[in-house]
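Chemist: Data file run08.txt (compact mmCIF, C-alpha atoms and all ligand atoms) is appended below.
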# COMPACT_ATOMS: atom_id res chain seq x y z
CA MET A 367 -16.81 -27.61 -26.55
CA ALA A 368 -14.35 -30.33 -25.57
CA GLN A 369 -12.00 -27.48 -24.81
CA ALA A 370 -14.54 -25.94 -22.42
CA ALA A 371 -14.78 -29.17 -20.46
CA GLN A 372 -10.98 -29.28 -20.02
CA PHE A 373 -10.60 -25.61 -19.39
CA PRO A 374 -8.06 -25.30 -16.61
CA LEU A 375 -8.80 -21.93 -15.07
CA PRO A 376 -11.14 -21.82 -12.10
CA THR A 377 -14.63 -20.40 -12.34
CA PRO A 378 -14.54 -16.84 -13.55
CA GLU A 379 -16.92 -15.15 -11.11
CA ILE A 380 -14.44 -14.17 -8.46
CA HIS A 381 -11.11 -14.16 -10.20
CA VAL A 382 -9.68 -10.91 -11.41
CA TRP A 383 -8.24 -11.14 -14.88
CA VAL A 384 -5.58 -8.66 -15.86
CA ALA A 385 -3.95 -8.36 -19.28
CA TYR A 386 -0.60 -6.58 -19.10
CA LEU A 387 -0.42 -5.55 -22.74
CA THR A 388 3.02 -3.99 -22.28
CA ALA A 389 5.62 -3.58 -19.56
CA ARG A 390 6.62 -0.25 -21.11
CA CYS A 391 5.70 3.28 -20.17
CA ASN A 392 6.24 6.70 -21.70
CA PHE A 393 6.55 8.18 -18.20
CA ALA A 394 9.17 7.39 -15.57
CA CYS A 395 7.72 8.24 -12.16
CA ASP A 396 10.03 7.84 -9.18
CA TYR A 397 7.09 6.43 -7.18
CA CYS A 398 6.19 3.78 -9.78
CA ILE A 399 5.51 0.62 -7.78
CA GLN A 400 6.11 -1.70 -10.68
CA LYS A 401 9.67 -2.18 -9.52
CA PRO A 402 10.96 -2.42 -5.94
CA LYS A 403 13.48 -0.16 -4.24
CA MET A 404 12.00 3.13 -5.29
CA VAL A 405 14.40 5.99 -4.67
CA PRO A 406 13.03 9.53 -4.41
CA GLY A 407 14.06 11.57 -7.43
CA GLN A 408 15.25 8.54 -9.39
CA ARG A 409 13.25 8.07 -12.58
CA ARG A 410 11.90 4.58 -12.97
CA LYS A 411 9.89 2.70 -15.53
CA PRO A 412 7.98 -0.58 -15.39
CA TRP A 413 9.75 -3.80 -15.01
CA GLY A 414 10.93 -5.44 -18.21
CA ARG A 415 11.14 -6.16 -21.93
CA TYR A 416 8.96 -8.67 -23.73
CA GLN A 417 8.18 -10.01 -27.16
CA GLU A 418 4.67 -8.62 -26.92
CA LEU A 419 1.77 -10.60 -28.32
CA SER A 420 0.22 -8.92 -31.35
CA GLY A 421 -3.29 -7.52 -31.17
CA ARG A 422 -4.60 -10.45 -33.18
CA GLN A 423 -2.96 -12.93 -30.76
CA TRP A 424 -4.46 -11.21 -27.72
CA VAL A 425 -7.93 -11.12 -29.26
CA ASP A 426 -7.87 -14.68 -30.55
CA ALA A 427 -6.62 -16.03 -27.24
CA LEU A 428 -8.90 -14.04 -24.95
CA ASN A 429 -11.97 -14.60 -27.12
CA ALA A 430 -11.30 -18.35 -27.00
CA PHE A 431 -11.78 -18.48 -23.25
CA PRO A 432 -14.96 -20.51 -22.80
CA VAL A 433 -16.04 -19.37 -19.31
CA ARG A 434 -16.33 -15.61 -19.19
CA PRO A 435 -19.84 -14.20 -19.41
CA GLU A 436 -19.25 -10.49 -18.90
CA HIS A 437 -16.20 -11.26 -16.83
CA PRO A 438 -14.16 -8.22 -15.70
CA LEU A 439 -10.93 -7.90 -17.65
CA ILE A 440 -8.46 -5.11 -16.95
CA LEU A 441 -6.21 -3.91 -19.75
CA THR A 442 -3.12 -2.49 -18.17
CA GLY A 443 0.67 -2.27 -18.35
CA GLY A 444 3.00 -0.34 -18.05
CA GLU A 445 1.00 1.94 -20.23
CA PRO A 446 -1.34 -0.31 -22.24
CA SER A 447 -1.99 2.27 -24.95
CA LEU A 448 1.66 1.94 -26.02
CA HIS A 449 0.76 -1.43 -27.48
CA LYS A 450 0.65 -0.89 -31.22
CA ASP A 451 -2.77 -2.60 -31.44
CA PHE A 452 -4.33 -1.17 -28.29
CA ALA A 453 -7.48 0.11 -30.01
CA PHE A 454 -7.80 -3.10 -32.03
CA ILE A 455 -7.60 -5.24 -28.89
CA ALA A 456 -10.08 -3.12 -26.95
CA SER A 457 -12.59 -3.00 -29.81
CA HIS A 458 -12.41 -6.70 -30.73
CA LEU A 459 -12.66 -8.43 -27.36
CA GLU A 460 -16.00 -10.18 -26.91
CA GLY A 461 -17.94 -10.93 -23.75
CA TYR A 462 -15.83 -9.03 -21.23
CA ALA A 463 -16.65 -6.18 -18.88
CA LEU A 464 -13.63 -4.14 -19.86
CA ASP A 465 -11.62 -1.96 -17.56
CA MET A 466 -8.34 -0.15 -18.25
CA THR A 467 -5.67 1.76 -16.40
CA SER A 468 -3.89 4.40 -18.45
CA ASN A 469 -2.01 7.65 -17.98
CA LEU A 470 -4.23 9.21 -20.68
CA THR A 471 -1.57 10.06 -23.22
CA PHE A 472 -3.18 8.28 -26.17
CA ASP A 473 -5.22 9.76 -29.02
CA ILE A 474 -8.68 9.61 -27.50
CA GLU A 475 -10.57 10.69 -30.64
CA ALA A 476 -9.03 7.95 -32.75
CA PHE A 477 -9.53 5.38 -29.99
CA ALA A 478 -13.17 6.37 -29.46
CA LYS A 479 -13.81 6.18 -33.19
CA GLU A 480 -12.53 2.61 -33.29
CA MET A 481 -14.58 1.59 -30.26
CA ARG A 482 -17.76 3.14 -31.69
CA ALA A 483 -17.18 1.47 -35.06
CA HIS A 484 -17.40 -1.89 -33.29
CA GLY A 485 -20.11 -0.94 -30.82
CA LYS A 486 -17.82 -1.44 -27.83
CA VAL A 487 -17.46 0.39 -24.53
CA PHE A 488 -15.33 0.06 -21.43
CA LYS A 489 -17.34 -0.44 -18.27
CA THR A 490 -14.77 1.29 -16.08
CA SER A 491 -11.35 2.86 -16.36
CA PHE A 492 -8.76 4.36 -14.04
CA HIS A 493 -6.47 7.28 -14.83
CA THR A 494 -3.92 8.86 -12.54
CA TYR A 495 -2.38 12.28 -13.05
CA HIS A 496 1.43 12.19 -12.92
CA PRO A 497 2.53 15.79 -12.38
CA GLY A 498 6.15 15.35 -13.44
CA PHE A 499 5.28 14.19 -16.94
CA ILE A 500 2.26 16.04 -18.30
CA ALA A 501 1.01 19.60 -17.95
CA PRO A 502 -2.19 19.92 -15.93
CA GLU A 503 -4.10 21.64 -18.74
CA LYS A 504 -3.24 18.89 -21.18
CA TRP A 505 -4.18 16.06 -18.84
CA LEU A 506 -7.42 17.78 -17.96
CA ASP A 507 -8.26 18.17 -21.66
CA GLN A 508 -7.63 14.46 -22.13
CA ALA A 509 -9.72 13.53 -19.09
CA GLU A 510 -12.64 15.61 -20.32
CA ARG A 511 -12.31 14.17 -23.79
CA LEU A 512 -12.46 10.63 -22.45
CA ARG A 513 -15.34 11.41 -20.08
CA ASP A 514 -17.35 13.01 -22.89
CA SER A 515 -16.50 10.40 -25.52
CA GLY A 516 -18.95 7.88 -24.11
CA VAL A 517 -16.55 4.96 -24.61
CA VAL A 518 -16.12 4.48 -20.87
CA GLU A 519 -19.24 4.14 -18.74
CA GLN A 520 -17.57 4.98 -15.42
CA PRO A 521 -14.13 6.55 -15.75
CA THR A 522 -12.21 7.40 -12.57
CA PHE A 523 -9.67 10.22 -12.51
CA SER A 524 -7.21 10.35 -9.69
CA MET A 525 -3.97 11.55 -8.20
CA VAL A 526 -1.56 9.76 -5.90
CA ASN A 527 -1.74 11.22 -2.42
CA LEU A 528 1.86 12.11 -1.63
CA GLN A 529 0.98 14.51 1.14
CA ARG A 530 2.82 12.36 3.69
CA PHE A 531 5.57 11.45 1.25
CA PRO A 532 7.22 14.74 0.24
CA HIS A 533 10.30 12.70 -0.71
CA PHE A 534 8.54 11.87 -3.96
CA ARG A 535 7.44 15.43 -4.70
CA SER A 536 9.26 18.32 -6.33
CA ASP A 537 8.38 21.98 -6.69
CA GLU A 538 7.18 21.21 -10.20
CA HIS A 539 5.05 18.36 -8.87
CA ASP A 540 3.42 20.60 -6.27
CA ARG A 541 2.86 23.45 -8.74
CA ASN A 542 1.27 21.19 -11.35
CA LEU A 543 -0.87 19.36 -8.85
CA ALA A 544 -2.18 22.58 -7.30
CA LYS A 545 -3.00 23.88 -10.76
CA LEU A 546 -4.74 20.67 -11.76
CA VAL A 547 -6.90 20.66 -8.64
CA GLN A 548 -7.82 24.29 -9.20
CA LEU A 549 -8.68 23.76 -12.87
CA ALA A 550 -10.53 20.48 -12.28
CA ASP A 551 -12.70 22.12 -9.63
CA ARG A 552 -13.42 25.02 -11.92
CA ARG A 553 -14.21 22.80 -14.88
CA GLY A 554 -16.25 20.26 -12.90
CA LEU A 555 -14.06 17.19 -13.36
CA ILE A 556 -14.57 14.75 -10.51
CA TYR A 557 -11.34 13.21 -9.19
CA GLN A 558 -10.08 11.34 -6.17
CA PHE A 559 -6.83 10.91 -4.30
CA ASN A 560 -5.34 7.41 -4.12
CA GLU A 561 -3.38 5.86 -1.31
CA PHE A 562 0.37 5.82 -1.95
CA ARG A 563 1.24 2.12 -2.07
CA GLY A 564 4.98 2.40 -1.93
CA THR A 565 5.35 1.15 1.62
CA HIS A 566 5.44 -2.43 2.64
CA MET A 567 5.15 -3.89 6.12
CA GLY A 568 6.05 -0.59 7.72
CA GLU A 569 9.10 -0.04 5.52
CA GLY A 570 9.78 1.23 2.05
CA PHE A 571 8.94 -1.28 -0.68
CA ASN A 572 12.44 -2.72 -0.66
CA ARG A 573 12.11 -6.48 -1.12
CA GLU A 574 14.60 -7.18 1.63
CA HIS A 575 12.76 -9.78 3.69
CA LYS A 576 11.08 -12.95 2.49
CA PHE A 577 8.82 -15.18 4.56
CA THR A 578 6.88 -18.36 4.03
CA VAL A 579 3.15 -17.99 4.48
CA ASP A 580 0.01 -19.51 3.06
CA CYS A 581 -1.52 -17.36 0.35
CA THR A 582 -4.76 -17.24 -1.63
CA SER A 583 -3.70 -14.77 -4.30
CA ALA A 584 -5.36 -16.32 -7.33
CA TRP A 585 -5.37 -13.58 -9.93
CA VAL A 586 -5.26 -14.42 -13.59
CA ASN A 587 -2.39 -12.11 -14.48
CA ILE A 588 -1.36 -12.36 -18.11
CA ASP A 589 2.02 -10.95 -19.05
CA PRO A 590 2.77 -9.23 -22.39
CA GLU A 591 3.76 -12.58 -23.89
CA GLY A 592 0.58 -14.33 -22.72
CA ALA A 593 2.03 -16.25 -19.74
CA VAL A 594 -0.34 -16.57 -16.77
CA TYR A 595 0.65 -15.99 -13.12
CA ASN A 596 -1.28 -15.92 -9.87
CA CYS A 597 0.14 -12.64 -8.58
CA GLN A 598 2.02 -9.61 -9.79
CA TYR A 599 5.29 -10.55 -8.13
CA HIS A 600 5.40 -13.87 -9.90
CA LEU A 601 4.42 -12.13 -13.13
CA THR A 602 7.19 -9.55 -13.00
CA GLU A 603 9.74 -12.18 -11.98
CA ARG A 604 8.38 -14.69 -14.56
CA LYS A 605 8.20 -17.27 -11.79
CA HIS A 606 5.72 -20.18 -11.53
CA ALA A 607 3.80 -19.60 -14.77
CA PHE A 608 0.66 -21.71 -15.15
CA GLY A 609 0.89 -21.72 -18.94
CA ASN A 610 0.15 -19.35 -21.80
CA ILE A 611 -3.18 -18.03 -23.05
CA THR A 612 -2.18 -18.93 -26.60
CA ASP A 613 -2.23 -22.59 -25.53
CA ILE A 614 -4.91 -22.90 -22.90
CA ALA A 615 -5.27 -26.64 -23.28
CA ALA A 616 -1.73 -27.03 -21.89
CA MET A 617 -2.27 -24.69 -18.98
CA LYS A 618 -1.97 -25.98 -15.41
CA PRO A 619 -4.97 -25.25 -13.16
CA LEU A 620 -4.70 -22.11 -11.07
CA PRO A 621 -5.66 -22.32 -7.42
CA LYS A 622 -9.30 -21.58 -6.77
CA MET A 623 -10.09 -18.29 -5.09
CA GLY A 624 -9.85 -18.86 -1.35
CA GLU A 625 -7.74 -21.99 -1.70
CA TRP A 626 -4.58 -21.92 0.43
CA PHE A 627 -1.18 -22.69 -0.99
CA SER A 628 2.24 -22.19 0.51
CA CYS A 629 4.51 -19.46 -0.85
CA SER A 630 8.00 -18.61 0.32
CA ASP A 631 8.02 -15.23 -1.48
CA PHE A 632 5.79 -13.29 0.89
CA GLY A 633 7.44 -9.95 1.55
CA TYR A 634 8.38 -9.52 -2.10
CA CYS A 635 4.77 -9.29 -3.25
CA ASP A 636 3.94 -6.05 -4.98
CA PRO A 637 2.01 -3.86 -2.59
CA CYS A 638 -0.39 -2.84 -5.33
CA HIS A 639 -2.12 -6.15 -5.68
CA GLU A 640 -1.78 -7.15 -2.10
CA ASN A 641 -3.49 -3.98 -1.10
CA SER A 642 -6.39 -4.37 -3.42
CA GLY A 643 -8.17 -6.83 -1.20
CA HIS A 644 -8.17 -9.91 -3.39
CA GLY A 645 -6.69 -12.86 -1.64
CA ALA A 646 -5.49 -13.24 1.90
CA PHE A 647 -2.47 -14.56 3.77
CA ARG A 648 -2.08 -16.98 6.70
CA ASP A 649 0.90 -17.05 9.01
CA ALA A 650 2.51 -20.05 10.71
CA GLN A 651 0.27 -19.60 13.76
CA GLY A 652 -2.83 -19.86 11.58
CA ASN A 653 -3.69 -16.15 11.72
CA VAL A 654 -5.41 -15.06 8.52
CA PHE A 655 -4.71 -11.51 7.44
CA ARG A 656 -5.33 -9.16 4.58
CA ARG A 657 -3.51 -5.98 3.89
CA THR A 658 -6.74 -4.13 3.50
CA ALA A 659 -8.40 -5.49 6.60
CA ASN A 660 -8.05 -4.22 10.12
CA ASP A 661 -5.35 -6.70 10.97
CA ALA A 662 -2.16 -4.76 10.50
CA ARG A 663 -0.83 -6.18 13.77
CA VAL A 664 0.30 -9.31 12.04
CA TYR A 665 3.09 -7.42 10.27
CA LEU A 666 4.77 -6.60 13.54
CA GLN A 667 6.01 -10.16 13.88
CA TRP A 668 8.34 -9.63 10.93
CA MET A 669 9.65 -6.22 11.91
CA GLU A 670 12.64 -5.13 13.93
CA PRO A 671 11.92 -3.40 17.28
CA GLN A 672 13.08 0.00 16.03
CA ALA A 673 10.79 -0.20 13.00
CA ILE A 674 7.94 -1.24 15.31
CA ARG A 675 8.62 1.81 17.48
CA ASP A 676 8.35 3.95 14.35
CA VAL A 677 5.01 2.35 13.55
CA ALA A 678 3.90 3.08 17.12
CA ARG A 679 4.91 6.72 16.70
CA ARG A 680 2.82 6.99 13.58
CA TYR A 681 -0.16 5.40 15.33
CA PHE A 682 0.29 7.77 18.26
CA ALA A 683 0.52 10.81 15.99
CA GLN A 684 -2.77 9.90 14.35
CA GLY A 685 -4.46 9.37 17.72
CA ASP A 686 -4.61 5.58 17.50
CA HIS A 687 -3.27 4.96 20.99
CA GLN A 688 -4.50 1.41 21.34
CA GLU A 689 -2.56 0.27 18.29
CA ALA A 690 0.46 2.27 19.45
CA GLU A 691 0.32 0.40 22.76
CA HIS A 692 0.06 -2.95 21.03
CA ALA A 693 3.03 -2.15 18.81
CA LEU A 694 5.16 -0.95 21.72
CA LEU A 695 4.42 -4.10 23.70
CA ALA A 696 5.42 -6.12 20.66
CA ALA A 697 8.67 -4.13 20.38
CA ILE A 698 9.40 -4.66 24.08
CA GLY A 699 8.74 -8.39 23.70
CA LYS A 700 11.14 -8.61 20.80
CA GLN A 701 13.78 -6.53 22.55
CA ARG A 702 13.60 -8.80 25.58
CA GLU A 703 13.90 -11.88 23.39
CA GLY A 704 17.14 -10.32 22.19
CA GLY A 705 18.30 -9.68 25.75
CA VAL A 706 17.62 -5.92 25.64
CA ASP A 707 15.32 -3.92 27.89
CA ASP A 708 15.13 -0.54 26.18
CA GLY A 709 14.05 2.35 28.39
CA GLU A 710 13.08 4.57 25.45
CA THR A 711 10.44 2.07 24.35
CA TRP A 712 9.10 1.95 27.92
CA ALA A 713 8.96 5.75 27.96
CA ASP A 714 6.90 5.72 24.76
CA LEU A 715 4.65 3.07 26.28
CA GLY A 716 4.15 5.13 29.44
CA VAL A 717 2.92 8.11 27.45
CA THR A 718 0.70 5.94 25.26
CA LEU A 719 -0.90 4.26 28.27
CA TYR A 720 -1.53 7.62 29.89
CA GLU A 721 -3.38 8.82 26.79
CA GLN A 722 -5.72 5.87 27.21
CA GLY A 723 -6.41 6.66 30.87
CA LYS A 724 -4.36 3.69 32.11
CA LYS A 725 -2.58 5.77 34.69
CA LYS A 726 -1.21 3.06 36.98
CA GLN A 727 0.25 1.14 34.09
CA SER A 728 1.55 4.39 32.63
CA LEU A 729 3.31 5.23 35.87
CA ALA A 730 4.86 1.78 36.05
CA ALA A 731 6.13 2.07 32.47
CA LEU A 732 7.53 5.57 33.00
CA GLN A 733 9.29 4.55 36.19
CA HIS A 734 10.74 1.55 34.43
CA ALA A 735 11.98 3.85 31.67
CA VAL A 736 13.75 5.98 34.27
CA GLU A 737 15.19 2.87 35.89
CA ARG A 738 16.53 1.90 32.48
CA GLY A 739 18.37 5.21 32.23
CA VAL A 740 15.87 7.49 30.48
CA THR A 741 16.28 10.49 32.77
CA ARG A 742 15.28 13.18 30.28
CA THR A 743 13.27 15.98 31.85
CA GLU A 744 10.05 15.14 30.02
CA THR A 745 10.11 11.49 31.07
CA VAL A 746 10.88 12.26 34.70
CA ALA A 747 8.30 15.04 34.68
CA SER A 748 5.72 12.73 33.14
CA ALA A 749 6.32 10.14 35.86
CA LEU A 750 6.00 12.78 38.57
CA LEU A 751 2.83 14.22 37.08
CA VAL A 752 1.12 10.86 36.81
CA ALA A 753 2.24 10.05 40.35
CA ARG A 754 0.65 13.27 41.59
CA GLU A 755 -2.59 12.43 39.84
CA LEU A 756 -2.59 9.03 41.51
CA GLY A 757 -1.71 10.45 44.95
CA MET A 758 1.60 8.61 44.90
CA ALA A 759 3.97 11.56 44.61
CA ASP A 760 6.08 10.86 47.69
CA ALA A 761 6.67 7.18 47.01
CA VAL A 762 7.50 7.80 43.37
CA ARG A 763 9.82 10.67 44.24
CA GLN A 764 11.73 8.37 46.59
CA ASN A 765 11.99 5.75 43.87
CA LEU A 766 13.12 8.22 41.23
CA LEU A 767 15.81 9.57 43.52
CA ARG A 768 17.54 6.20 43.14
CA TYR A 769 18.17 7.04 39.48
CA VAL A 770 17.90 10.82 39.19
CA PRO A 771 20.06 13.14 41.30
CA ALA A 772 18.16 15.53 43.56
CA GLN A 773 19.67 18.56 41.82
CA HIS A 774 17.97 17.36 38.60
CA LEU A 775 14.71 16.26 40.23
CA ASP A 776 14.09 19.32 42.38
CA PRO A 777 13.89 21.88 39.55
CA ILE A 778 11.50 19.57 37.69
CA GLU A 779 9.23 19.37 40.72
CA GLN A 780 9.39 23.15 41.16
CA ALA A 781 8.42 23.63 37.53
CA LEU A 782 5.54 21.20 37.99
CA ASP A 783 4.36 23.08 41.06
CA ALA A 784 4.06 26.17 38.91
CA MET A 785 2.15 24.32 36.20
CA GLN A 786 -1.51 23.51 35.69
CA PRO A 787 -2.56 19.91 36.39
CA LEU A 788 -1.80 17.19 33.89
CA GLY A 789 -4.40 16.44 31.26
CA SER A 790 -4.59 19.39 28.92
CA THR A 791 -0.83 19.82 28.87
CA THR A 792 1.27 18.57 26.00
CA ASP A 793 4.21 17.58 28.17
CA THR A 794 3.39 13.91 28.23
CA THR A 795 3.37 13.66 24.48
CA ALA A 796 6.93 14.85 24.26
CA PRO A 797 8.63 11.45 24.34
CA LEU A 798 6.76 10.35 21.24
CA GLY A 799 6.79 13.69 19.49
S1 LIG B 1 2.80 6.36 -15.46
FE1 LIG B 1 2.35 4.63 -14.08
S2 LIG B 1 3.38 2.85 -15.00
FE2 LIG B 1 4.24 4.69 -15.97
S3 LIG B 1 6.11 5.13 -14.76
FE3 LIG B 1 4.41 6.36 -13.90
S4 LIG B 1 3.56 5.12 -12.21
FE4 LIG B 1 4.83 3.74 -13.53
S1 LIG B 2 2.64 -14.64 -0.95
FE1 LIG B 2 2.97 -12.86 -2.30
S2 LIG B 2 4.49 -13.56 -3.80
FE2 LIG B 2 3.59 -15.41 -2.84
S3 LIG B 2 1.87 -16.01 -4.16
FE3 LIG B 2 1.04 -14.70 -2.54
S4 LIG B 2 1.02 -12.60 -3.44
FE4 LIG B 2 2.43 -13.87 -4.68
Is it possible to give me this structure as structure tokens?
Ligand code: SF4
Ligand code: SF4

Modeler:
Amino acid sequence: MAQAAQFPLPTPEIHVWVAYLTARCNFACDYCIQKPKMVPGQRRKPWGRYQELSGRQWVDALNAFPVRPEHPLILTGGEPSLHKDFAFIASHLEGYALDMTSNLTFDIEAFAKEMRAHGKVFKTSFHTYHPGFIAPEKWLDQAERLRDSGVVEQPTFSMVNLQRFPHFRSDEHDRNLAKLVQLADRRGLIYQFNEFRGTHMGEGFNREHKFTVDCTSAWVNIDPEGAVYNCQYHLTERKHAFGNITDIAAMKPLPKMGEWFSCSDFGYCDPCHENSGHGAFRDAQGNVFRRTANDARVYLQWMEPQAIRDVARRYFAQGDHQEAEHALLAAIGKQREGGVDDGETWADLGVTLYEQGKKKQSLAALQHAVERGVTRTETVASALLVARELGMADAVRQNLLRYVPAQHLDPIEQALDAMQPLGSTTDTTAPLG
């Protein structure tokens, strides 16, 4: 009881506790986010080697925690079932709402038998199909076995959505995935597609830029040796441990959920945990942001203008013109800070503004693009079309003639004369396309 009074971890209700039983995996997916700098086609495994705690050590330590009535505890890795005592740990933990993530390669019958023998169940579990490492039929058999075993109340079966990331797919990947979807539909297995979390602040997850922010990431992440960290980055780098679960009396207090602390490692954080909505960040201007909230604009401050333009293109392509405009204005601001006034960015902005019905602003941006040397046919044509819609054709023509020779302008105007009015045409999207 004295131990309970001194117990250093914050209240359990809102913290997420995660036990990384191993940092090993029997697969080696090129899109594994447990290490940075993922390279398409390059096999990769989780992050490190440890003197793993034994099953008995895990159970004794976790069962000694005094404040945990039905607290969620995720058993994960790497692949947690590679731990030699995986079934022992799962079936001997007391007072937790258990969850696990696993690639489903373990012996489910033997595992279920052990769980039943001790009257234990998992509340939830999460299993992703990795097409490069297991045949669809086999994975489906395993998924059905787990679903029907009754040892998990709410299992979730999933696949990583790599539709927009063909870099991380192969012919084998596509074949296996198509087969799995077909078989799962036929056999009635419910599955979902997960967001690919391998991008970070508009770039690949590369750990190239670090920033100081305030953070509230107060997970209880326990590494395979029992050391406790507040986030996955610090766990994988073994940085700023709060103590070890085998000696909880000596553990330093973790921040409370919602409590701000300064961290100079932002930018290296693993996108997985950042994206899962626990914890938030605060920049130097006091703006609070979460990766999962509708506040993606904050990332622009750390990005180069060209990368911001790429973000704007993606927004534009998905029809999110307001965000595209915001990003382009941010890129222009940054370019100007650096003494550059880039016409291509203005051309993109002109098109984006037009799509939002801001015709006068669109015309101004397109003309500025031309003034800055963007005299491509589609940009000049876009400016002329908007000018016609605004009844300003003559004045704009005169202005454009200062930058575009008449022998280039005239054929564009003739082509426009032969065209239908602007609006349903796709011409104005060309600069961003
Ligand atoms: S199965 Fe999961 S942990 Fe293992 S390599 Fe693949 S993505 Fe990484
Ligand atoms: S800013 Fe990132 S690296 Fe730093 S504590 Fe928060 S989640 Fe961890």

Chemist: Can you list, as an MDAnalysis selection string, every protein, DNA or RNA residue that comes within 12 Å of Glu670 (chain A) when you count all atoms listed in the file, leaving out same-chain residues fewer than 6 positions away?

Modeler: chainID A and resid 567:569 575 676:677 693:694 696:701 703:704

Chemist: At what distance in Å, to one decimal, does CA of Asn587 (chain A) lie from CA of His484 (chain A)?

Modeler: 26.1 Å

Chemist: Could you tell me how far CA of Arg604 (chain A) lies from CA of Tyr416 (chain A), in Å and to one decimal?

Modeler: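 Straight-line distance from CA of Arg604 (chain A) to CA of Tyr416 (chain A) works out to 11.0 Å.
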
Chemist: Give me the residues near region 509-514 of chain A as a compact mmCIF listing (two decimals) with C-alpha atoms, keeping the file's coordinate frame, where near means some atom within 9 Å (using only C-alpha atoms) and where sequence neighbours in that chain fewer than 6 positions away do not count.

Modeler:
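Now in result34.txt:
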# COMPACT_ATOMS: atom_id res chain seq x y z
CA LEU A 470 -4.23 9.21 -20.68
CA ILE A 474 -8.68 9.61 -27.50
CA GLU A 475 -10.57 10.69 -30.64
CA ALA A 478 -13.17 6.37 -29.46
CA HIS A 493 -6.47 7.28 -14.83
CA GLN A 520 -17.57 4.98 -15.42
CA PRO A 521 -14.13 6.55 -15.75
CA PHE A 523 -9.67 10.22 -12.51
CA LEU A 555 -14.06 17.19 -13.36

Chemist: Which chains and residue numbers are within 7 Å of ligand LIG 2 (chain B), counting all atoms listed in the file, if I want them as a VMD selection string?

Modeler: chain A and resid 579 to 583 596 to 600 629 to 635 640 647

Chemist: Using all atoms of ligand LIG 1 (chain B) listed in the file and a margin of 6 Å per side, can you give the axis-aligned box centre and edge lengths in Å to one decimal, as AutoDock Vina command-line options?

Modeler:
--center_x 4.2 --center_y 4.6 --center_z -14.1 --size_x 15.8 --size_y 15.5 --size_z 15.8

Chemist: When distances are computed from all atoms listed in the file, which of A:His539, A:His437, A:Lys411, A:Lys504 shows the smallest separation from ligand LIG 1 (chain B)?

Modeler: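 The shortest atom-to-atom distance to ligand LIG 1 (chain B) comes from A:Lys411.
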
Chemist: Enumerate as a count of residues only the residues within 6 Å of ligand LIG 1 (chain B), counting all atoms listed in the file.

Modeler: 10

Chemist: What is the CA of Lys401 (chain A)-CA of Phe655 (chain A) distance in Å, reported with one decimal?

Modeler: 24.1 Å

Chemist: Measuring between all atoms listed in the file, which one of A:Gly652, A:Gly709, A:Pro771, A:Pro497 shows the shortest distance to Asn527 (chain A)?

Modeler: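 Comparing A:Gly652, A:Gly709, A:Pro771, A:Pro497 against Asn527 (chain A), the winner is A:Pro497.
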
Chemist: Quick one: residues within 7 Å of Pro590 (chain A), all atoms listed in the file counted, chain neighbours fewer than 5 positions away excluded, as a ChimeraX atom specification?

Modeler: /A:386-389,416,418-419

Chemist: Give me the residues within 12 Å of Ala761 (chain A) as a ChimeraX atom specification, counting only C-alpha atoms and dropping any in the same chain fewer than 4 places off.

Modeler: /A:729,733,749-750,753-754,756-757,765-768

Chemist: Between A:Pro777, A:Pro402, A:Gly705, A:Gly443, which residue has the minimum interatomic distance to Asp589 (chain A), considering all atoms listed in the file?

Modeler: A:Gly443

Chemist: Using all atoms listed in the file, find the one residue out of A:Lys450, A:Arg563, A:Arg530, A:Arg409 that sits nearest to Phe499 (chain A).

Modeler: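 Going through A:Lys450, A:Arg563, A:Arg530, A:Arg409 one by one, the smallest distance to Phe499 (chain A) is for A:Arg409.
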